[in-house]
$ cat query31.txt   # compact mmCIF, C-alpha atoms
# COMPACT_ATOMS: atom_id res chain seq x y z
CA MET E 1 5.49 8.25 17.72
CA LYS E 2 3.90 11.72 18.01
CA SER E 3 1.18 10.55 20.40
CA THR E 4 3.89 9.19 22.74
CA LEU E 5 5.69 12.54 22.74
CA TYR E 6 2.49 14.34 23.67
CA THR E 7 1.77 12.10 26.61
CA LYS E 8 5.29 11.93 28.04
CA LYS E 9 7.12 15.11 27.11
CA HIS E 10 4.74 17.91 26.30
CA LEU E 11 7.29 20.65 26.66
CA VAL E 12 9.92 18.92 24.51
CA LEU E 13 7.41 18.34 21.77
CA LEU E 14 6.27 21.95 21.73
CA LEU E 15 9.86 23.11 21.40
CA THR E 16 10.86 20.56 18.75
CA LEU E 17 7.66 20.16 16.73
CA PRO E 18 8.71 22.59 13.97
CA LEU E 19 11.99 20.70 13.59
CA LEU E 20 10.24 17.34 13.49
CA MET E 21 7.85 18.58 10.83
CA ALA E 22 10.66 19.98 8.72
CA CYS E 23 12.71 16.79 8.90
CA GLY E 24 9.91 14.27 8.24
CA ASN E 25 10.54 11.46 5.77
CA GLY E 26 7.50 12.36 3.69
CA SER E 27 5.49 9.25 4.62
CA LYS E 28 2.74 11.51 5.92
CA ASN E 29 1.71 14.98 4.81
CA THR E 30 3.04 17.36 7.45
CA GLY E 31 2.26 20.49 5.46
CA LYS E 32 3.63 21.80 2.19
CA ASP E 33 5.21 24.88 3.77
CA ASN E 34 7.36 22.76 6.09
CA LYS E 35 8.31 20.09 3.59
CA GLN E 36 9.09 22.24 0.56
CA PRO E 37 12.32 23.89 1.86
CA LEU E 38 13.85 20.46 2.54
CA GLN E 39 13.05 19.27 -0.96
CA ASN E 40 14.51 22.41 -2.54
CA SER E 41 17.67 22.25 -0.46
CA ILE E 42 19.04 19.30 -2.43
CA LYS E 43 19.61 19.90 -6.12
CA ILE E 44 19.72 17.40 -8.92
CA ASP E 45 22.71 17.03 -11.23
CA ASN E 46 22.03 19.35 -14.16
CA ALA E 47 24.87 17.80 -16.14
CA LEU E 48 23.09 14.44 -15.81
CA ARG E 49 19.85 16.00 -16.97
CA SER E 50 21.66 17.38 -20.01
CA ARG E 51 23.19 13.97 -20.80
CA LEU E 52 19.79 12.30 -20.52
CA ALA E 53 18.22 14.91 -22.81
CA ASP E 54 20.95 14.24 -25.38
CA PHE E 55 20.41 10.49 -25.02
CA ALA E 56 16.67 10.89 -25.64
CA GLN E 57 17.21 12.79 -28.90
CA LYS E 58 19.89 10.60 -30.45
CA PRO E 59 18.96 8.34 -33.40
CA ARG E 60 17.82 4.86 -32.37
CA PRO E 61 16.23 1.77 -33.91
CA LYS E 62 12.53 1.79 -34.72
CA GLY E 63 10.18 0.75 -31.95
CA ASN E 64 8.51 2.03 -28.81
CA PHE E 65 10.94 3.61 -26.37
CA GLY E 66 10.69 5.42 -23.06
CA PHE E 67 12.68 5.98 -19.89
CA HIS E 68 12.53 7.80 -16.57
CA VAL E 69 15.22 8.72 -14.05
CA TYR E 70 14.42 9.88 -10.51
CA ASP E 71 16.88 11.29 -7.98
CA LEU E 72 16.04 9.57 -4.69
CA THR E 73 18.50 11.65 -2.69
CA ALA E 74 16.96 14.93 -3.82
CA ASP E 75 13.48 13.38 -4.08
CA LYS E 76 12.98 14.92 -7.51
CA PRO E 77 12.62 13.65 -11.07
CA VAL E 78 15.67 14.18 -13.24
CA TYR E 79 14.45 13.48 -16.76
CA GLY E 80 11.92 11.39 -18.64
CA TYR E 81 11.09 10.59 -22.23
CA ASN E 82 7.73 8.94 -23.01
CA GLU E 83 7.82 8.11 -19.31
CA ASN E 84 4.04 7.82 -19.00
CA GLU E 85 3.59 5.64 -22.07
CA ALA E 86 2.49 2.15 -20.97
CA GLN E 87 4.36 -0.72 -22.60
CA SER E 88 4.59 -4.46 -22.14
CA SER E 89 6.60 -4.82 -18.94
CA ALA E 90 7.93 -8.37 -19.30
CA SER E 91 9.67 -9.51 -16.08
CA CYS E 92 9.91 -6.01 -14.62
CA MET E 93 6.38 -6.87 -13.45
CA LYS E 94 8.20 -8.85 -10.73
CA LEU E 95 9.23 -5.56 -9.13
CA LEU E 96 5.59 -4.67 -8.56
CA SER E 97 4.50 -8.13 -7.36
CA GLY E 98 7.55 -8.49 -5.10
CA VAL E 99 7.27 -5.07 -3.46
CA ALA E 100 3.49 -5.41 -3.08
CA GLY E 101 3.91 -8.88 -1.57
CA LEU E 102 6.50 -7.67 0.94
CA HIS E 103 4.23 -4.76 1.85
CA LEU E 104 1.29 -7.09 2.50
CA LEU E 105 3.06 -10.05 4.08
CA GLY E 106 6.06 -8.35 5.69
CA THR E 107 9.75 -8.94 5.06
CA LYS E 108 9.80 -11.45 7.95
CA TYR E 109 7.06 -13.65 6.49
CA ARG E 110 7.82 -17.38 6.51
CA TYR E 111 6.30 -20.29 4.60
CA VAL E 112 5.51 -23.18 6.95
CA THR E 113 5.25 -26.91 6.30
CA SER E 114 4.52 -29.25 9.23
CA ILE E 115 4.00 -32.91 10.09
CA TYR E 116 1.55 -33.89 12.83
CA THR E 117 0.53 -37.06 14.63
CA GLN E 118 -2.68 -37.89 16.48
CA GLY E 119 -3.17 -40.95 18.66
CA HIS E 120 -0.84 -43.22 20.64
CA MET E 121 1.94 -45.71 19.97
CA VAL E 122 1.68 -49.47 20.37
CA LYS E 123 5.21 -50.75 19.81
CA ASP E 124 6.14 -49.48 16.31
CA THR E 125 2.56 -48.68 15.27
CA LEU E 126 0.84 -45.32 15.52
CA VAL E 127 -2.75 -46.02 16.44
CA GLY E 128 -4.08 -42.81 14.97
CA ASN E 129 -3.38 -40.45 12.10
CA VAL E 130 -0.55 -38.55 10.45
CA THR E 131 -1.10 -35.17 8.78
CA LEU E 132 1.17 -33.30 6.41
CA LYS E 133 0.02 -29.67 6.52
CA ALA E 134 1.48 -27.55 3.76
CA GLY E 135 1.34 -23.89 2.88
CA LEU E 136 2.56 -22.42 -0.40
CA ASP E 137 6.31 -22.92 -0.08
CA PRO E 138 7.42 -22.66 -3.72
CA GLN E 139 10.87 -24.16 -3.24
CA LEU E 140 10.04 -27.36 -1.38
CA ASP E 141 10.23 -30.25 -3.84
CA GLY E 142 9.48 -33.99 -3.82
CA PRO E 143 12.79 -35.17 -2.34
CA ASP E 144 12.45 -32.56 0.42
CA LEU E 145 9.46 -34.47 1.78
CA LYS E 146 11.99 -36.95 3.12
CA MET E 147 12.64 -34.77 6.18
CA PHE E 148 9.01 -35.13 7.25
CA ALA E 149 9.13 -38.89 6.84
CA GLU E 150 12.36 -38.93 8.86
CA ALA E 151 10.58 -37.07 11.67
CA LEU E 152 8.03 -39.89 11.84
CA ARG E 153 10.80 -42.48 11.73
CA ARG E 154 12.56 -40.81 14.67
CA LYS E 155 9.38 -41.31 16.67
CA GLY E 156 9.70 -45.03 16.02
CA ILE E 157 6.72 -45.17 13.65
CA LYS E 158 6.80 -47.99 11.13
CA HIS E 159 3.09 -48.50 10.73
CA VAL E 160 0.08 -46.19 10.81
CA LYS E 161 -3.24 -47.65 11.92
CA GLY E 162 -5.35 -44.79 10.65
CA ASN E 163 -4.99 -42.30 7.82
CA VAL E 164 -2.24 -40.15 6.39
CA TYR E 165 -3.95 -36.85 5.79
CA LEU E 166 -2.74 -34.22 3.33
CA ASP E 167 -3.89 -30.73 4.31
CA LEU E 168 -3.01 -28.70 1.20
CA LEU E 169 -3.98 -25.21 0.07
CA LEU E 170 -3.72 -26.13 -3.63
CA HIS E 171 -5.44 -29.18 -5.05
CA GLU E 172 -4.92 -28.52 -8.76
CA PRO E 173 -1.57 -27.97 -10.45
CA VAL E 174 -0.63 -24.51 -11.70
CA LYS E 175 -2.25 -23.81 -15.04
CA SER E 176 -1.21 -21.48 -17.82
CA GLU E 177 -2.58 -18.00 -17.35
CA PRO E 178 -4.43 -16.25 -20.20
CA HIS E 179 -2.03 -15.04 -22.89
CA TRP E 180 0.90 -17.17 -21.70
CA TYR E 181 2.60 -19.08 -24.44
CA PRO E 182 2.33 -22.90 -24.05
CA TRP E 183 6.05 -23.43 -23.52
CA ASP E 184 6.14 -20.87 -20.69
CA LEU E 185 4.50 -23.41 -18.36
CA SER E 186 6.06 -26.59 -19.75
CA PHE E 187 9.58 -25.37 -18.99
CA SER E 188 8.71 -24.13 -15.51
CA ARG E 189 9.77 -26.09 -12.44
CA TYR E 190 7.22 -25.54 -9.72
CA GLY E 191 7.58 -26.82 -6.16
CA ILE E 192 5.74 -29.97 -5.14
CA PHE E 193 2.81 -28.11 -3.57
CA TYR E 194 2.05 -26.44 -6.90
CA LYS E 195 1.81 -29.72 -8.83
CA GLY E 196 -1.53 -30.96 -7.54
CA THR E 197 -2.72 -33.50 -4.97
CA ASP E 198 -2.01 -36.60 -7.04
CA ARG E 199 1.66 -35.66 -7.37
CA VAL E 200 1.96 -34.89 -3.63
CA LYS E 201 0.34 -38.23 -2.72
CA ARG E 202 2.69 -40.14 -4.98
CA GLU E 203 5.83 -38.37 -3.77
CA PHE E 204 4.93 -38.54 -0.06
CA LYS E 205 4.03 -42.20 -0.22
CA ALA E 206 7.40 -42.90 -1.84
CA VAL E 207 9.44 -41.13 0.86
CA LEU E 208 7.42 -42.80 3.63
CA ARG E 209 8.12 -46.23 2.20
CA ASN E 210 11.79 -45.39 1.75
CA GLN E 211 11.90 -44.70 5.48
CA GLY E 212 10.34 -48.07 6.22
CA ILE E 213 6.88 -46.67 6.99
CA ALA E 214 4.21 -48.85 5.39
CA VAL E 215 1.20 -47.01 3.96
CA THR E 216 -1.41 -47.93 1.38
CA ASP E 217 -3.00 -45.78 -1.28
CA ALA E 218 -6.30 -45.93 0.60
CA GLN E 219 -4.69 -44.38 3.69
CA LEU E 220 -3.66 -41.23 1.84
CA VAL E 221 -6.62 -38.88 2.22
CA MET E 222 -7.16 -35.19 1.48
CA ALA E 223 -8.48 -33.58 4.67
CA GLN E 224 -7.92 -30.73 7.08
CA LEU E 225 -5.75 -31.19 10.15
CA PRO E 226 -7.79 -33.07 12.80
CA LYS E 227 -8.24 -31.48 16.20
CA GLY E 228 -5.94 -32.81 18.89
CA SER E 229 -3.02 -33.36 16.49
CA HIS E 230 0.50 -32.74 17.76
CA CYS E 231 3.23 -31.17 15.62
CA ILE E 232 6.44 -33.21 15.67
CA PHE E 233 8.39 -31.30 13.00
CA ARG E 234 8.05 -27.94 11.28
CA PHE E 235 10.03 -26.48 8.40
CA TYR E 236 10.25 -22.74 7.65
CA ARG E 237 11.34 -20.86 4.54
CA SER E 238 11.76 -17.10 4.63
CA ILE E 239 10.07 -14.99 1.97
CA ASN E 240 13.42 -13.39 1.13
CA ARG E 241 14.44 -16.71 -0.46
CA VAL E 242 11.54 -16.26 -2.86
CA THR E 243 12.16 -12.60 -3.71
CA GLU E 244 15.84 -13.33 -4.31
CA ARG E 245 15.05 -15.82 -7.07
CA MET E 246 12.30 -13.55 -8.40
CA TRP E 247 14.55 -10.55 -8.74
CA LYS E 248 18.11 -11.74 -9.18
CA ASN E 249 17.30 -14.77 -11.35
CA SER E 250 13.91 -13.64 -12.73
CA SER E 251 12.16 -16.87 -11.71
CA ASN E 252 8.64 -17.02 -13.10
CA THR E 253 7.71 -19.86 -10.74
CA GLN E 254 8.71 -17.85 -7.67
CA ALA E 255 6.83 -14.78 -8.90
CA THR E 256 3.72 -16.88 -9.55
CA SER E 257 4.00 -18.36 -6.07
CA MET E 258 4.23 -14.82 -4.67
CA LEU E 259 1.01 -13.95 -6.48
CA TYR E 260 -0.65 -17.09 -5.03
CA THR E 261 0.60 -16.18 -1.55
CA ILE E 262 -0.80 -12.67 -1.89
CA GLY E 263 -4.10 -14.08 -3.15
CA HIS E 264 -4.37 -16.54 -0.26
CA LYS E 265 -3.63 -13.79 2.24
CA VAL E 266 -6.40 -11.50 1.00
CA SER E 267 -8.89 -14.23 0.05
CA PRO E 268 -8.12 -17.58 1.75
CA LYS E 269 -11.06 -19.37 0.13
CA GLY E 270 -11.08 -17.60 -3.21
CA ASN E 271 -9.22 -17.89 -6.50
CA TYR E 272 -5.64 -17.10 -5.56
CA THR E 273 -4.65 -15.81 -8.99
CA ALA E 274 -7.63 -13.49 -9.34
CA ALA E 275 -7.33 -12.29 -5.74
CA GLY E 276 -3.60 -11.70 -6.18
CA VAL E 277 -4.04 -9.68 -9.36
CA ALA E 278 -6.84 -7.66 -7.73
CA TYR E 279 -4.52 -6.83 -4.84
CA LEU E 280 -1.72 -5.72 -7.17
CA LYS E 281 -4.15 -3.35 -8.86
CA LYS E 282 -5.32 -2.04 -5.48
CA PHE E 283 -1.73 -1.61 -4.30
CA MET E 284 -0.88 0.30 -7.44
CA ARG E 285 -3.85 2.65 -6.98
CA GLU E 286 -3.86 3.14 -3.23
CA GLU E 287 -0.22 2.77 -2.18
CA LEU E 288 1.56 4.04 -5.27
CA GLY E 289 -1.07 6.55 -6.35
CA LEU E 290 -1.03 5.31 -9.94
CA GLN E 291 -4.50 5.87 -11.40
CA ASP E 292 -3.62 5.62 -15.11
CA THR E 293 -6.06 3.19 -16.74
CA THR E 294 -3.51 2.26 -19.41
CA LEU E 295 -1.56 0.36 -16.75
CA VAL E 296 -2.68 -3.27 -16.93
CA ILE E 297 -1.90 -6.32 -14.77
CA HIS E 298 -2.64 -9.91 -15.78
CA ASP E 299 -0.15 -11.89 -13.70
CA GLY E 300 2.68 -11.47 -11.20
CA CYS E 301 5.61 -12.67 -13.28
CA GLY E 302 5.34 -10.75 -16.54
CA LEU E 303 4.89 -13.66 -18.94
CA CYS E 304 1.70 -12.16 -20.29
CA THR E 305 2.46 -9.78 -23.15
CA TYR E 306 -0.62 -7.74 -22.18
CA ASN E 307 0.86 -6.59 -18.88
CA TYR E 308 1.41 -2.86 -19.31
CA LEU E 309 3.44 -0.59 -17.07
CA SER E 310 5.19 2.68 -17.83
CA PRO E 311 8.76 3.76 -17.02
CA GLN E 312 7.39 6.19 -14.44
CA ALA E 313 5.22 3.46 -12.89
CA LEU E 314 8.35 1.33 -12.44
CA THR E 315 10.34 4.17 -10.85
CA THR E 316 7.36 4.76 -8.56
CA VAL E 317 7.61 1.14 -7.40
CA LEU E 318 11.33 1.61 -6.83
CA ARG E 319 10.72 4.85 -4.93
CA TYR E 320 8.18 3.10 -2.70
CA GLY E 321 10.69 0.33 -2.01
CA TYR E 322 13.38 2.88 -1.18
CA GLN E 323 11.07 4.69 1.25
CA HIS E 324 10.37 1.45 3.13
CA LYS E 325 13.80 0.46 4.39
CA PRO E 326 13.18 -3.25 5.15
CA ILE E 327 11.97 -3.66 1.57
CA TYR E 328 14.82 -1.58 0.18
CA ARG E 329 17.41 -3.72 1.97
CA LEU E 330 16.10 -6.73 0.08
CA LEU E 331 15.88 -4.87 -3.22
CA ARG E 332 19.45 -3.62 -2.92
CA SER E 333 20.88 -7.03 -2.09
CA GLN E 334 18.68 -9.10 -4.40
CA LEU E 335 18.53 -7.18 -7.67
CA ALA E 336 20.97 -8.43 -10.27
CA ILE E 337 24.28 -6.56 -10.37
CA ALA E 338 25.68 -5.48 -13.73
CA GLY E 339 28.54 -7.72 -14.84
CA VAL E 340 28.47 -9.67 -11.57
CA ASP E 341 25.48 -11.94 -11.00
CA GLY E 342 21.91 -12.93 -11.79
CA THR E 343 20.39 -12.02 -15.11
CA MET E 344 22.93 -9.19 -15.50
CA ARG E 345 26.11 -11.19 -14.99
CA ARG E 346 26.95 -10.87 -18.69
CA GLU E 347 25.37 -7.46 -19.18
CA MET E 348 27.25 -4.14 -18.84
CA ALA E 349 30.42 -5.86 -17.67
CA ASN E 350 32.59 -3.01 -18.94
CA PRO E 351 34.47 -0.92 -16.34
CA LYS E 352 32.05 2.00 -16.71
CA THR E 353 29.07 0.08 -15.36
CA ARG E 354 30.27 -3.18 -13.80
CA GLY E 355 29.03 -3.44 -10.23
CA LYS E 356 27.37 0.00 -10.41
CA ILE E 357 23.89 -0.99 -11.63
CA ARG E 358 21.44 -3.05 -9.56
CA ALA E 359 18.37 -3.79 -11.62
CA LYS E 360 15.59 -6.10 -12.71
CA THR E 361 15.69 -7.22 -16.30
CA GLY E 362 12.63 -7.96 -18.41
CA THR E 363 12.80 -9.80 -21.72
CA LEU E 364 10.24 -11.45 -23.99
CA SER E 365 11.25 -12.48 -27.48
CA HIS E 366 7.68 -13.23 -28.58
CA PRO E 367 5.72 -12.01 -30.42
CA TYR E 368 8.61 -9.61 -31.10
CA GLY E 369 11.26 -7.89 -29.05
CA ILE E 370 10.20 -6.70 -25.61
CA SER E 371 12.93 -5.56 -23.25
CA SER E 372 12.96 -3.48 -20.08
CA LEU E 373 15.36 -2.64 -17.27
CA ALA E 374 14.61 -0.95 -13.96
CA GLY E 375 16.61 -0.47 -10.81
CA TYR E 376 19.05 1.68 -8.86
CA CYS E 377 22.47 3.20 -9.42
CA GLU E 378 24.66 5.87 -7.92
CA GLY E 379 24.93 8.96 -10.06
CA SER E 380 28.16 10.84 -10.74
CA ASN E 381 27.32 13.28 -7.93
CA GLY E 382 26.86 10.50 -5.39
CA HIS E 383 23.07 10.66 -5.41
CA LEU E 384 21.06 7.45 -5.53
CA LEU E 385 18.99 7.21 -8.70
CA ALA E 386 15.97 5.08 -9.58
CA PHE E 387 15.57 4.46 -13.29
CA ALA E 388 13.50 2.51 -15.78
CA ILE E 389 13.82 2.06 -19.53
CA MET E 390 11.31 0.17 -21.67
CA ASP E 391 11.43 -0.92 -25.30
CA THR E 392 8.85 -2.83 -27.33
CA ASP E 393 8.58 -3.79 -30.99
CA MET E 394 12.36 -3.55 -31.07
CA SER E 395 15.13 -6.10 -31.35
CA VAL E 396 16.19 -7.19 -27.86
CA LEU E 397 19.82 -6.68 -28.85
CA ASP E 398 19.11 -3.11 -29.93
CA ALA E 399 17.15 -2.51 -26.73
CA ARG E 400 20.04 -3.68 -24.59
CA VAL E 401 22.36 -1.25 -26.33
CA LEU E 402 20.00 1.55 -25.35
CA GLN E 403 19.88 0.26 -21.78
CA ARG E 404 23.67 0.25 -21.61
CA LYS E 405 23.90 3.79 -22.98
CA LEU E 406 21.38 5.05 -20.45
CA CYS E 407 23.28 3.46 -17.57
CA GLU E 408 26.58 4.85 -18.83
CA ALA E 409 25.02 8.32 -18.96
CA MET E 410 23.85 8.02 -15.34
CA VAL E 411 27.21 6.97 -13.90
CA GLU E 412 29.45 9.06 -16.19
CA LYS E 413 32.04 11.09 -14.32
CA PRO E 414 32.73 14.67 -15.47
CA LYS E 415 36.05 15.03 -17.27
CA ASP E 416 37.23 17.70 -14.85
CA GLY E 417 36.15 15.61 -11.89
CA LYS E 418 33.74 18.32 -10.75
CA VAL E 419 29.99 17.87 -10.60
CA LYS E 420 28.07 20.79 -12.07
CA ARG E 421 24.78 21.58 -10.37

$ encode --input "query31.txt" --output "structure tokens"
Amino acid sequence: MKSTLYTKKHLVLLLTLPLLMACGNGSKNTGKDNKQPLQNSIKIDNALRSRLADFAQKPRPKGNFGFHVYDLTADKPVYGYNENEAQSSASCMKLLSGVAGLHLLGTKYRYVTSIYTQGHMVKDTLVGNVTLKAGLDPQLDGPDLKMFAEALRRKGIKHVKGNVYLDLLLHEPVKSEPHWYPWDLSFSRYGIFYKGTDRVKREFKAVLRNQGIAVTDAQLVMAQLPKGSHCIFRFYRSINRVTERMWKNSSNTQATSMLYTIGHKVSPKGNYTAAGVAYLKKFMREELGLQDTTLVIHDGCGLCTYNYLSPQALTTVLRYGYQHKPIYRLLRSQLAIAGVDGTMRREMANPKTRGKIRAKTGTLSHPYGISSLAGYCEGSNGHLLAFAIMDTDMSVLDARVLQRKLCEAMVEKPKDGKVKR
């Protein structure tokens, strides 16, 4: 934007440059002297800081405990307790993988699945080949393949004199990551393209035959899309459908698919899991500025008990999301709302907090209680707050009581109705 001003309106820029520098959004360093007055002009709520200090010192159950609250409006920390202590993050890891994925792929990214034909028709027979080309759409399931078979049927195809090619990015089904518990995978419902080639072959053959298109097992071949093929139908799914299930419903399958999508983007021919984890680490270092070696990433969903983040690391993710408005719009609409929906529909439903907390939950009951909560809320002074609270080696029920008390402290209204600063 600045280069455009220089080339088109030199005089205007010279007159307004000090104002532009003073009012920058902080995405680039425009000089400490210009930025500091703006930061100091907005004060945090000292009454909130006092309440948080009291909350930190009150008796609580045994276990690891830490929290951090950041005033996004003032762009200043409010209060933290053990905020830099890394703990098992559970599903709050999905905040990092989701925000990093949206940064890399863009909020307008779409998963694409297409059906192609190659050749010519002789009556009801395609003399040529059919190709199903699939990306990593995590929500497309076996019965959904029917729409691609219907596209062939609309072209009058009943027979294929050639092959039915499957151009897939994944050939093997999703496997349990290191440190996952066995039942974590067995209870997961992955989309068809994450179940391996044999499953895709079986399901696609079934929908073709149900549409009256005769194919044999020998015709179903794994291969890349042949040159000269023509797309007859294409299906899109927006990435926001994936982040919504990741965040509001804490879907492990959607978070794993996000990690695979990240991995494919940065290393199309590599190991998607390893490439995805490597990118999350890079994003954390380079974009978030988190260099702490105690922060550990093993997956994108948080099932691994050896994922370690800190409360301040989580608020840093939330701050980054807030600073990037397209990402923040999704975070705000897709985080679970206290007492209303998602994983928080039964949590904090009392009048003090209902509808006022938008957050990502994180819970693992094995090997012992692990519980975390991170998100946004509006403070009593109208400022937008980012917060994170983490508890490990503590009963999940006890941890949730602490989470509720923290949220009540953040939204508490002064008895006199006046905010003290």

$ closest_atom_pairs --input "query31.txt" --of "region 78-164 of chain E" --to "region 322-329 of chain E" --cutoff "8 Å" --atoms "all atoms listed in the file" --output "CSV"
residue,atom,partner,partner_atom,distance
E:Val99,CA,E:Ile327,CA,7.0
E:Leu102,CA,E:Ile327,CA,6.8
E:His103,CA,E:Ile327,CA,7.8
E:Thr107,CA,E:Pro326,CA,6.6

$ atom_distance --input "query31.txt" --atom1 "CA of Ala53 (chain E)" --atom2 "CA of Leu96 (chain E)"
27.3 Å

$ closest_atom_pairs --input "query31.txt" --of "region 133-220 of chain E" --to "region 300-319 of chain E" --cutoff "8 Å" --atoms "all atoms listed in the file" --output "tab-separated table"
residue	atom	partner	partner_atom	distance
E:Glu177	CA	E:Cys304	CA	7.8
E:Pro178	CA	E:Cys304	CA	7.4
E:His179	CA	E:Cys304	CA	5.4
E:Trp180	CA	E:Cys304	CA	5.3
E:Asp184	CA	E:Leu303	CA	7.5

$ residues_near_point --input "query31.txt" --point "(1.0, -13.0, -5.6)" --cutoff "10 Å" --atoms "all atoms listed in the file" --output "number ranges by chain"
E: 94, 96-98, 100-101, 254-265, 272-280, 299-301

$ closest_residue --input "query31.txt" --among "E:Arg209, E:Lys248, E:Lys175, E:Arg404" --to "Lys146 (chain E)" --atoms "all atoms listed in the file"
E:Arg209

$ atom_distance --input "query31.txt" --atom1 "CA of Lys76 (chain E)" --atom2 "CA of Leu105 (chain E)"
29.3 Å

$ closest_residue --input "query31.txt" --among "E:Leu220, E:Ile337, E:Val411, E:Met344" --to "Leu384 (chain E)" --atoms "all atoms listed in the file"
E:Val411

$ residues_around --input "query31.txt" --residues "Asn350 (chain E)" --least-positions-apart "5" --cutoff "10 Å" --atoms "all atoms listed in the file" --output "list of chain:residue names"
E:Ala338, E:Gly339, E:Gly355, E:Arg404, E:Glu408

$ residues_around --input "query31.txt" --residues "region 120-123 of chain E" --least-positions-apart "2" --cutoff "12 Å" --atoms "all atoms listed in the file" --output "mmCIF file with C-alpha atoms, in the frame of the given file"
data_model
loop_
_atom_site.group_PDB
_atom_site.id
_atom_site.type_symbol
_atom_site.label_atom_id
_atom_site.label_comp_id
_atom_site.auth_asym_id
_atom_site.auth_seq_id
_atom_site.Cartn_x
_atom_site.Cartn_y
_atom_site.Cartn_z
ATOM 1 C CA THR E 117 0.530 -37.060 14.630
ATOM 2 C CA GLN E 118 -2.680 -37.890 16.480
ATOM 3 C CA THR E 125 2.560 -48.680 15.270
ATOM 4 C CA LEU E 126 0.840 -45.320 15.520
ATOM 5 C CA VAL E 127 -2.750 -46.020 16.440
ATOM 6 C CA GLY E 128 -4.080 -42.810 14.970
ATOM 7 C CA ASN E 129 -3.380 -40.450 12.100
ATOM 8 C CA VAL E 130 -0.550 -38.550 10.450
ATOM 9 C CA LEU E 152 8.030 -39.890 11.840
ATOM 10 C CA LYS E 155 9.380 -41.310 16.670
ATOM 11 C CA GLY E 156 9.700 -45.030 16.020
ATOM 12 C CA ILE E 157 6.720 -45.170 13.650
ATOM 13 C CA LYS E 158 6.800 -47.990 11.130
ATOM 14 C CA HIS E 159 3.090 -48.500 10.730
ATOM 15 C CA VAL E 160 0.080 -46.190 10.810
ATOM 16 C CA LYS E 161 -3.240 -47.650 11.920
ATOM 17 C CA GLY E 162 -5.350 -44.790 10.650
ATOM 18 C CA GLY E 228 -5.940 -32.810 18.890
ATOM 19 C CA SER E 229 -3.020 -33.360 16.490
ATOM 20 C CA HIS E 230 0.500 -32.740 17.760
#

$ atom_distance --input "query31.txt" --atom1 "CA of Asn271 (chain E)" --atom2 "CA of Thr243 (chain E)"
22.2 Å
